[in-house]
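Engineer: Here you go, upload05.csv (CSV, C-alpha atoms):
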```csv
chain,number,residue,atom,x,y,z
Z,239,MET,CA,5.6,11.7,3.8
Z,240,SER,CA,7.9,8.8,4.8
Z,241,ILE,CA,6.2,5.4,4.9
Z,242,PRO,CA,7.9,3.1,7.4
Z,243,LEU,CA,8.9,-0.3,6.3
Z,244,LYS,CA,7.7,-2.5,9.1
Z,245,GLN,CA,9.4,-5.7,10.1
Z,246,GLY,CA,8.4,-8.6,7.9
Z,247,ASN,CA,7.1,-6.3,5.2
Z,248,THR,CA,8.7,-5.9,1.7
Z,249,LEU,CA,9.0,-3.1,-0.8
Z,250,PHE,CA,6.0,-4.5,-2.5
Z,251,ASP,CA,4.0,-3.7,0.6
Z,252,ILE,CA,5.2,-0.1,0.2
Z,253,VAL,CA,3.9,-0.1,-3.4
Z,254,ALA,CA,0.5,-1.3,-2.1
Z,255,THR,CA,0.5,1.5,0.5
Z,256,LEU,CA,1.3,4.1,-2.2
Z,257,GLN,CA,-1.4,2.7,-4.4
Z,258,GLY,CA,-4.0,3.1,-1.6
Z,259,ASP,CA,-7.6,2.5,-2.7
Z,260,VAL,CA,-6.9,2.9,-6.4
Z,261,PRO,CA,-7.7,-0.4,-8.2
Z,262,TRP,CA,-4.7,-2.2,-9.8
Z,263,GLY,CA,-6.7,-2.8,-13.0
Z,264,ARG,CA,-4.7,-4.4,-15.7
Z,265,PHE,CA,-1.2,-4.9,-14.3
Z,266,LEU,CA,2.2,-5.3,-16.1
Z,267,ASP,CA,5.2,-6.7,-14.2
Z,268,ALA,CA,7.8,-5.4,-16.6
Z,269,GLY,CA,10.7,-7.3,-15.2
Z,270,THR,CA,9.2,-10.3,-13.4
Z,271,GLY,CA,10.8,-12.6,-11.0
Z,272,ARG,CA,9.7,-15.0,-8.3
Z,273,GLY,CA,9.5,-12.3,-5.7
Z,274,SER,CA,7.3,-9.8,-7.7
Z,275,LEU,CA,5.1,-12.5,-9.1
Z,276,SER,CA,4.5,-14.2,-5.7
Z,277,TRP,CA,3.3,-10.8,-4.5
Z,278,LEU,CA,1.3,-10.1,-7.7
Z,279,LEU,CA,-0.6,-13.4,-7.4
Z,280,LYS,CA,-2.1,-12.1,-4.1
Z,281,GLN,CA,-3.3,-8.8,-5.6
Z,282,ASP,CA,-6.8,-8.1,-6.8
Z,283,THR,CA,-6.1,-7.4,-10.5
Z,284,GLU,CA,-8.3,-7.5,-13.6
Z,285,ALA,CA,-5.5,-9.3,-15.5
Z,286,TRP,CA,-1.7,-9.4,-15.4
Z,287,THR,CA,1.1,-9.8,-17.8
Z,288,ALA,CA,4.6,-10.7,-16.6
Z,289,VAL,CA,7.6,-10.1,-18.8
Z,290,THR,CA,11.1,-11.6,-18.5
Z,291,GLY,CA,14.1,-11.6,-20.8
Z,292,ALA,CA,15.3,-15.0,-19.6
Z,293,SER,CA,13.6,-18.3,-20.6
Z,294,GLY,CA,14.8,-19.9,-17.4
Z,295,MET,CA,13.1,-17.3,-15.3
Z,296,ALA,CA,9.9,-17.7,-17.4
Z,297,ASP,CA,9.9,-21.4,-16.6
Z,298,SER,CA,10.5,-20.6,-12.9
Z,299,VAL,CA,7.7,-18.1,-12.6
Z,300,ARG,CA,5.3,-20.3,-14.7
Z,301,ALA,CA,5.9,-23.1,-12.3
Z,302,LEU,CA,5.2,-20.7,-9.4
Z,303,ALA,CA,2.0,-19.5,-10.9
Z,304,GLU,CA,0.7,-23.0,-11.9
Z,305,GLY,CA,-2.9,-23.4,-10.9
Z,306,ARG,CA,-3.3,-19.7,-10.0
Z,307,MET,CA,-3.2,-18.1,-13.5
Z,308,ARG,CA,-6.5,-17.0,-15.0
Z,309,ALA,CA,-7.3,-17.2,-18.6
Z,310,GLN,CA,-6.5,-13.5,-19.0
Z,311,ASP,CA,-3.1,-13.7,-17.3
Z,312,ARG,CA,0.1,-14.5,-19.2
Z,313,ILE,CA,3.9,-14.8,-18.9
Z,314,VAL,CA,5.9,-13.4,-21.8
Z,315,THR,CA,9.6,-13.9,-22.7
Z,316,GLY,CA,10.9,-10.9,-24.6
Z,317,ASN,CA,13.4,-8.1,-24.8
Z,318,TRP,CA,12.3,-4.5,-24.3
Z,319,MET,CA,14.6,-3.5,-27.2
Z,320,ASP,CA,12.0,-5.3,-29.4
Z,321,GLU,CA,9.5,-2.6,-30.4
Z,322,ARG,CA,6.9,-5.3,-31.2
Z,323,LEU,CA,6.9,-6.5,-27.5
Z,324,LEU,CA,3.4,-5.7,-26.1
Z,325,GLU,CA,2.8,-3.3,-29.1
Z,326,GLY,CA,-0.4,-1.4,-28.8
Z,327,GLU,CA,-1.2,-2.6,-25.3
Z,328,ARG,CA,-2.0,-0.4,-22.2
Z,329,TYR,CA,-1.9,-1.3,-18.5
Z,330,ASP,CA,-3.4,0.6,-15.6
Z,331,THR,CA,-0.4,-0.2,-13.4
Z,332,VAL,CA,3.1,-1.0,-14.3
Z,333,LEU,CA,5.8,-2.3,-12.0
Z,334,ALA,CA,9.5,-2.1,-12.8
Z,335,ASP,CA,11.1,-4.1,-10.0
Z,336,TYR,CA,14.9,-3.8,-10.2
Z,337,LEU,CA,14.4,-3.7,-13.9
Z,338,VAL,CA,16.9,-0.9,-14.6
Z,339,GLY,CA,19.7,-2.7,-12.9
Z,340,ALA,CA,19.0,-6.0,-14.7
Z,341,ILE,CA,18.9,-4.4,-18.2
Z,342,ASP,CA,22.7,-4.6,-18.8
Z,343,GLY,CA,22.4,-8.4,-19.1
Z,344,PHE,CA,19.8,-8.2,-21.9
Z,345,ALA,CA,20.1,-4.8,-23.5
Z,346,PRO,CA,23.5,-3.2,-22.6
Z,347,TYR,CA,23.7,0.6,-22.6
Z,348,TRP,CA,20.0,0.8,-23.1
Z,349,GLN,CA,19.0,1.9,-19.6
Z,350,ASP,CA,18.4,5.5,-20.7
Z,351,ARG,CA,15.6,4.4,-23.1
Z,352,ILE,CA,13.6,2.0,-20.8
Z,353,PHE,CA,11.2,4.6,-19.4
Z,354,GLY,CA,10.4,6.0,-22.9
Z,355,ARG,CA,9.8,2.4,-24.0
Z,356,LEU,CA,7.4,1.8,-21.1
Z,357,ARG,CA,5.6,5.2,-21.4
Z,358,PRO,CA,3.0,4.1,-24.0
Z,359,LEU,CA,2.1,1.1,-21.9
Z,360,VAL,CA,1.4,3.0,-18.7
Z,361,GLY,CA,-2.2,4.1,-18.3
Z,362,GLN,CA,-2.2,5.4,-14.7
Z,363,ARG,CA,0.8,4.6,-12.6
Z,364,LEU,CA,4.4,3.3,-12.9
Z,365,TYR,CA,6.3,2.0,-9.8
Z,366,VAL,CA,10.0,1.7,-10.0
Z,367,ILE,CA,11.9,-0.3,-7.3
Z,368,GLY,CA,15.7,0.0,-7.4
Z,369,LEU,CA,18.9,-0.2,-5.5
Z,370,GLU,CA,21.3,2.7,-5.0
Z,371,PRO,CA,24.7,1.6,-6.5
Z,372,TYR,CA,27.3,0.5,-4.0
Z,373,VAL,CA,30.0,-1.5,-5.8
Z,374,PRO,CA,32.0,1.5,-7.2
Z,375,TYR,CA,32.3,3.2,-3.8
Z,376,PHE,CA,34.6,3.1,-0.8
Z,377,PRO,CA,32.4,3.5,2.4
Z,378,GLU,CA,33.9,4.3,5.8
Z,379,SER,CA,32.0,1.7,7.9
Z,380,ALA,CA,33.3,-1.9,8.2
Z,381,ALA,CA,29.9,-3.2,7.2
Z,382,GLY,CA,29.9,-1.0,4.1
Z,383,ARG,CA,33.4,-2.0,3.1
Z,384,MET,CA,32.4,-5.7,3.5
Z,385,VAL,CA,29.2,-5.3,1.3
Z,386,CYS,CA,31.3,-3.6,-1.4
Z,387,GLU,CA,34.0,-6.2,-1.2
Z,388,ILE,CA,31.5,-9.0,-1.7
Z,389,GLY,CA,29.9,-7.1,-4.6
Z,390,ARG,CA,33.2,-6.5,-6.4
Z,391,LEU,CA,34.3,-10.1,-6.1
Z,392,ARG,CA,30.8,-11.3,-7.4
Z,393,ASP,CA,31.1,-9.0,-10.4
Z,394,ALA,CA,34.7,-10.0,-11.1
Z,395,CYS,CA,33.7,-13.7,-11.1
Z,396,LEU,CA,30.7,-13.0,-13.4
Z,397,LEU,CA,32.9,-11.1,-15.9
Z,398,LEU,CA,35.5,-13.9,-15.8
Z,399,ALA,CA,32.8,-16.4,-16.6
Z,400,GLY,CA,31.6,-14.3,-19.6
Z,401,GLU,CA,28.5,-12.8,-18.0
Z,402,ARG,CA,27.5,-9.2,-17.5
Z,403,PRO,CA,26.9,-8.0,-13.9
Z,404,TYR,CA,23.9,-6.0,-12.9
Z,405,ARG,CA,24.4,-2.2,-13.2
Z,406,GLU,CA,22.4,-0.3,-10.7
Z,407,TYR,CA,21.4,3.3,-11.1
Z,408,PRO,CA,20.7,5.9,-8.3
Z,409,ALA,CA,17.3,7.3,-7.6
Z,410,ASP,CA,18.1,10.8,-8.9
Z,411,TRP,CA,19.1,9.3,-12.2
Z,412,VAL,CA,15.8,7.4,-12.4
Z,413,VAL,CA,13.8,10.6,-11.5
Z,414,ARG,CA,15.6,12.6,-14.1
Z,415,HIS,CA,15.0,10.0,-16.9
Z,416,LEU,CA,11.4,9.5,-15.8
Z,417,GLN,CA,10.8,13.2,-16.3
Z,418,GLN,CA,12.6,13.2,-19.7
Z,419,ALA,CA,10.3,10.3,-20.8
Z,420,GLY,CA,7.1,12.1,-20.0
Z,421,PHE,CA,6.3,11.1,-16.4
Z,422,ARG,CA,5.5,13.1,-13.3
Z,423,VAL,CA,7.1,11.8,-10.2
Z,424,LEU,CA,4.5,11.6,-7.4
Z,425,ASP,CA,6.5,10.2,-4.5
Z,426,MET,CA,9.8,8.6,-3.6
Z,427,GLN,CA,10.6,6.5,-0.6
Z,428,ARG,CA,14.1,5.3,0.5
Z,429,TYR,CA,14.9,2.4,2.8
Z,430,GLY,CA,18.2,1.5,4.5
Z,431,ILE,CA,19.4,-2.1,3.9
Z,432,ARG,CA,20.6,-4.6,6.4
Z,433,TYR,CA,22.3,-7.4,4.6
Z,434,GLY,CA,22.6,-10.8,6.4
Z,435,ALA,CA,23.7,-14.4,5.9
Z,436,ARG,CA,21.3,-15.0,3.0
Z,437,PHE,CA,23.0,-12.1,1.0
Z,438,ILE,CA,26.5,-13.3,2.0
Z,439,ASP,CA,25.9,-16.9,0.9
Z,440,SER,CA,23.8,-16.1,-2.2
Z,441,GLN,CA,26.4,-13.7,-3.6
Z,442,LEU,CA,29.5,-15.9,-2.8
Z,443,ASP,CA,27.7,-19.0,-4.0
Z,444,MET,CA,27.3,-17.2,-7.3
Z,445,CYS,CA,31.1,-16.8,-7.3
Z,446,ASP,CA,31.7,-20.5,-6.7
Z,447,GLN,CA,29.3,-21.5,-9.5
Z,448,ARG,CA,31.1,-19.2,-12.0
Z,449,LEU,CA,34.6,-20.2,-10.9
Z,450,ALA,CA,33.7,-23.8,-11.8
Z,451,ARG,CA,33.6,-22.7,-15.5
Z,452,LEU,CA,37.0,-21.1,-15.7
Z,453,ARG,CA,39.6,-22.8,-17.9
Z,454,ASP,CA,42.5,-21.3,-15.9
Z,455,ARG,CA,42.2,-23.7,-13.0
Z,456,SER,CA,45.0,-22.2,-11.0
Z,457,LEU,CA,43.2,-18.8,-11.1
Z,458,ALA,CA,39.9,-20.6,-10.2
Z,459,VAL,CA,41.5,-22.3,-7.2
Z,460,SER,CA,43.1,-19.1,-6.0
Z,461,LEU,CA,39.8,-17.2,-6.3
Z,462,SER,CA,37.9,-20.0,-4.6
Z,463,THR,CA,40.2,-19.8,-1.6
Z,464,HIS,CA,39.6,-16.0,-1.5
Z,465,VAL,CA,35.8,-16.6,-1.7
Z,466,ALA,CA,35.9,-19.0,1.3
Z,467,GLU,CA,38.1,-16.5,3.3
Z,468,LEU,CA,35.7,-13.6,2.5
Z,469,ARG,CA,32.7,-15.7,3.4
Z,470,GLN,CA,34.3,-16.5,6.8
Z,471,ARG,CA,35.1,-12.8,7.5
Z,472,ALA,CA,31.6,-11.6,6.3
Z,473,ARG,CA,29.8,-14.1,8.5
Z,474,ALA,CA,31.9,-13.1,11.5
Z,475,LEU,CA,31.1,-9.4,10.9
Z,476,ASP,CA,27.4,-10.2,10.3
Z,477,ASP,CA,27.3,-12.0,13.7
Z,478,ALA,CA,29.2,-9.2,15.5
Z,479,GLU,CA,27.1,-6.3,14.2
Z,480,GLY,CA,23.7,-8.0,13.8
Z,481,GLY,CA,23.7,-7.5,10.1
Z,482,LEU,CA,25.6,-5.5,7.5
Z,483,ARG,CA,23.9,-2.1,7.4
Z,484,HIS,CA,24.8,-0.4,4.2
Z,485,GLY,CA,23.0,1.4,1.3
Z,486,HIS,CA,19.4,2.0,0.3
Z,487,ASP,CA,16.6,0.6,-1.8
Z,488,TYR,CA,14.1,3.1,-3.2
Z,489,VAL,CA,10.5,3.0,-4.5
Z,490,ILE,CA,9.4,5.7,-6.9
Z,491,VAL,CA,5.8,6.2,-8.1
Z,492,ALA,CA,5.1,8.2,-11.3
Z,493,GLU,CA,2.3,8.9,-13.7
Z,494,PRO,CA,2.3,9.7,-17.4
Z,495,VAL,CA,1.9,13.4,-18.2
Z,496,SER,CA,-0.8,14.0,-20.8
Z,497,PRO,CA,0.3,15.9,-23.9
Z,498,ALA,CA,-2.1,18.7,-23.1
Z,499,ALA,CA,-0.4,19.2,-19.7
Z,500,GLY,CA,3.0,19.5,-21.4
```
Translate this structure into structure tokens?
Structural biologist:
Amino acid sequence: MSIPLKQGNTLFDIVATLQGDVPWGRFLDAGTGRGSLSWLLKQDTEAWTAVTGASGMADSVRALAEGRMRAQDRIVTGNWMDERLLEGERYDTVLADYLVGAIDGFAPYWQDRIFGRLRPLVGQRLYVIGLEPYVPYFPESAAGRMVCEIGRLRDACLLLAGERPYREYPADWVVRHLQQAGFRVLDMQRYGIRYGARFIDSQLDMCDQRLARLRDRSLAVSLSTHVAELRQRARALDDAEGGLRHGHDYVIVAEPVSPAAG
């Protein structure tokens, strides 16, 4: 059954709806950020652990949680490739919020192993929030072409600055690898995206920040001019169409299959 995403709600509200009356219990935020932790702090959990691979993000979420962390709560900096990370622990509920797309920056080419890595940690339910890939494609709509153009320029600037872009994976890939890792998929919800000024500015601001690092200043200046021109075109299209409607987010809920159940 499709669960509508009401105005003002987030994908985390969909997770809460899918959870229903089942207690959260001990909660693992397997790829934490300010968005997921802000939501998690409002939930009735027994205890929570939030993991990030970036020390800067750890500092950011620790500041966000200041004064609201209990003795049993913790923020951990680590890489899921490290087998010792949370070794022997078990959580009732695990959230992987855009984790698969972010892995390339910390554990390149390791996406196919993440659900097997999380499997021993999941006691009851795993929620996966993700984004259908859009950068490699050539959509027909003007809004879709604009979103893809912004994404390609962002990724190009990240690569020129020596960074790895996110690498998103489609929902069917996630479902397939969840099943291979010993999970049963209980539900999947998909939601169309309407990008706006915040998306335009955040992505193109990212370009400007990276271009400041380039040694080839003539290339940096040329690209900076292109960023400004694209920003102007994107804002104009956003105003004309009331948002850039393109692509989908998804929420998948899965549970571990017991060995006896095969």
Engineer: Please tabulate, as CSV, the residues of segment 393-470 of chain Z that come within 7 Å of segment 359-376 of chain Z, each with its closest pair of atoms and the distance in Å to one decimal, counting all atoms listed in the file and ordering rows by chain, then residue number upward.
Structural biologist:
```
residue,atom,partner,partner_atom,distance
Z:Glu406,CA,Z:Pro371,CA,5.2
Z:Tyr407,CA,Z:Pro371,CA,5.9
Z:Pro408,CA,Z:Glu370,CA,4.6
Z:Ala409,CA,Z:Glu370,CA,6.6
```
Engineer: Find the spatial neighbours of Ala419 of chain Z, counting all atoms listed in the file, within a cut-off of 8 Å - ignore same-chain residues fewer than 3 positions away - and output them as a PyMOL selection string.
Structural biologist: chain Z and resi 353-354+357+415-416
Engineer: Just checking: using only C-alpha atoms, which residue out of Z:Val413, Z:Ala399, Z:Ala340, Z:Ile438 ends up closest to Val491 of chain Z?
Structural biologist: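 For Val491 of chain Z, the nearest of the given residues is Z:Val413.
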Engineer: Given the choices Z:Ala301, Z:Val253, Z:Leu266, Z:Ala381, which gets closest to Ala478 of chain Z if the distance is worked out from only C-alpha atoms?
Structural biologist: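 Checking each candidate against Ala478 of chain Z, we get Z:Ala381 as the closest.
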Engineer: Tell me which protein, DNA and RNA residues are within 6 Å of Thr270 of chain Z, counting all atoms listed in the file, leaving out same-chain ones fewer than 6 positions away, and put them as a count of residues only.
Structural biologist: 3
Engineer: Taking (22.9, -6.3, -13.2) as a centre in this file's frame and 10 Å as the limit, can you find every polymer residue with an atom that close, using only C-alpha atoms, and give them as a PyMOL selection string?
Structural biologist: chain Z and resi 336-344+346+393+401-407
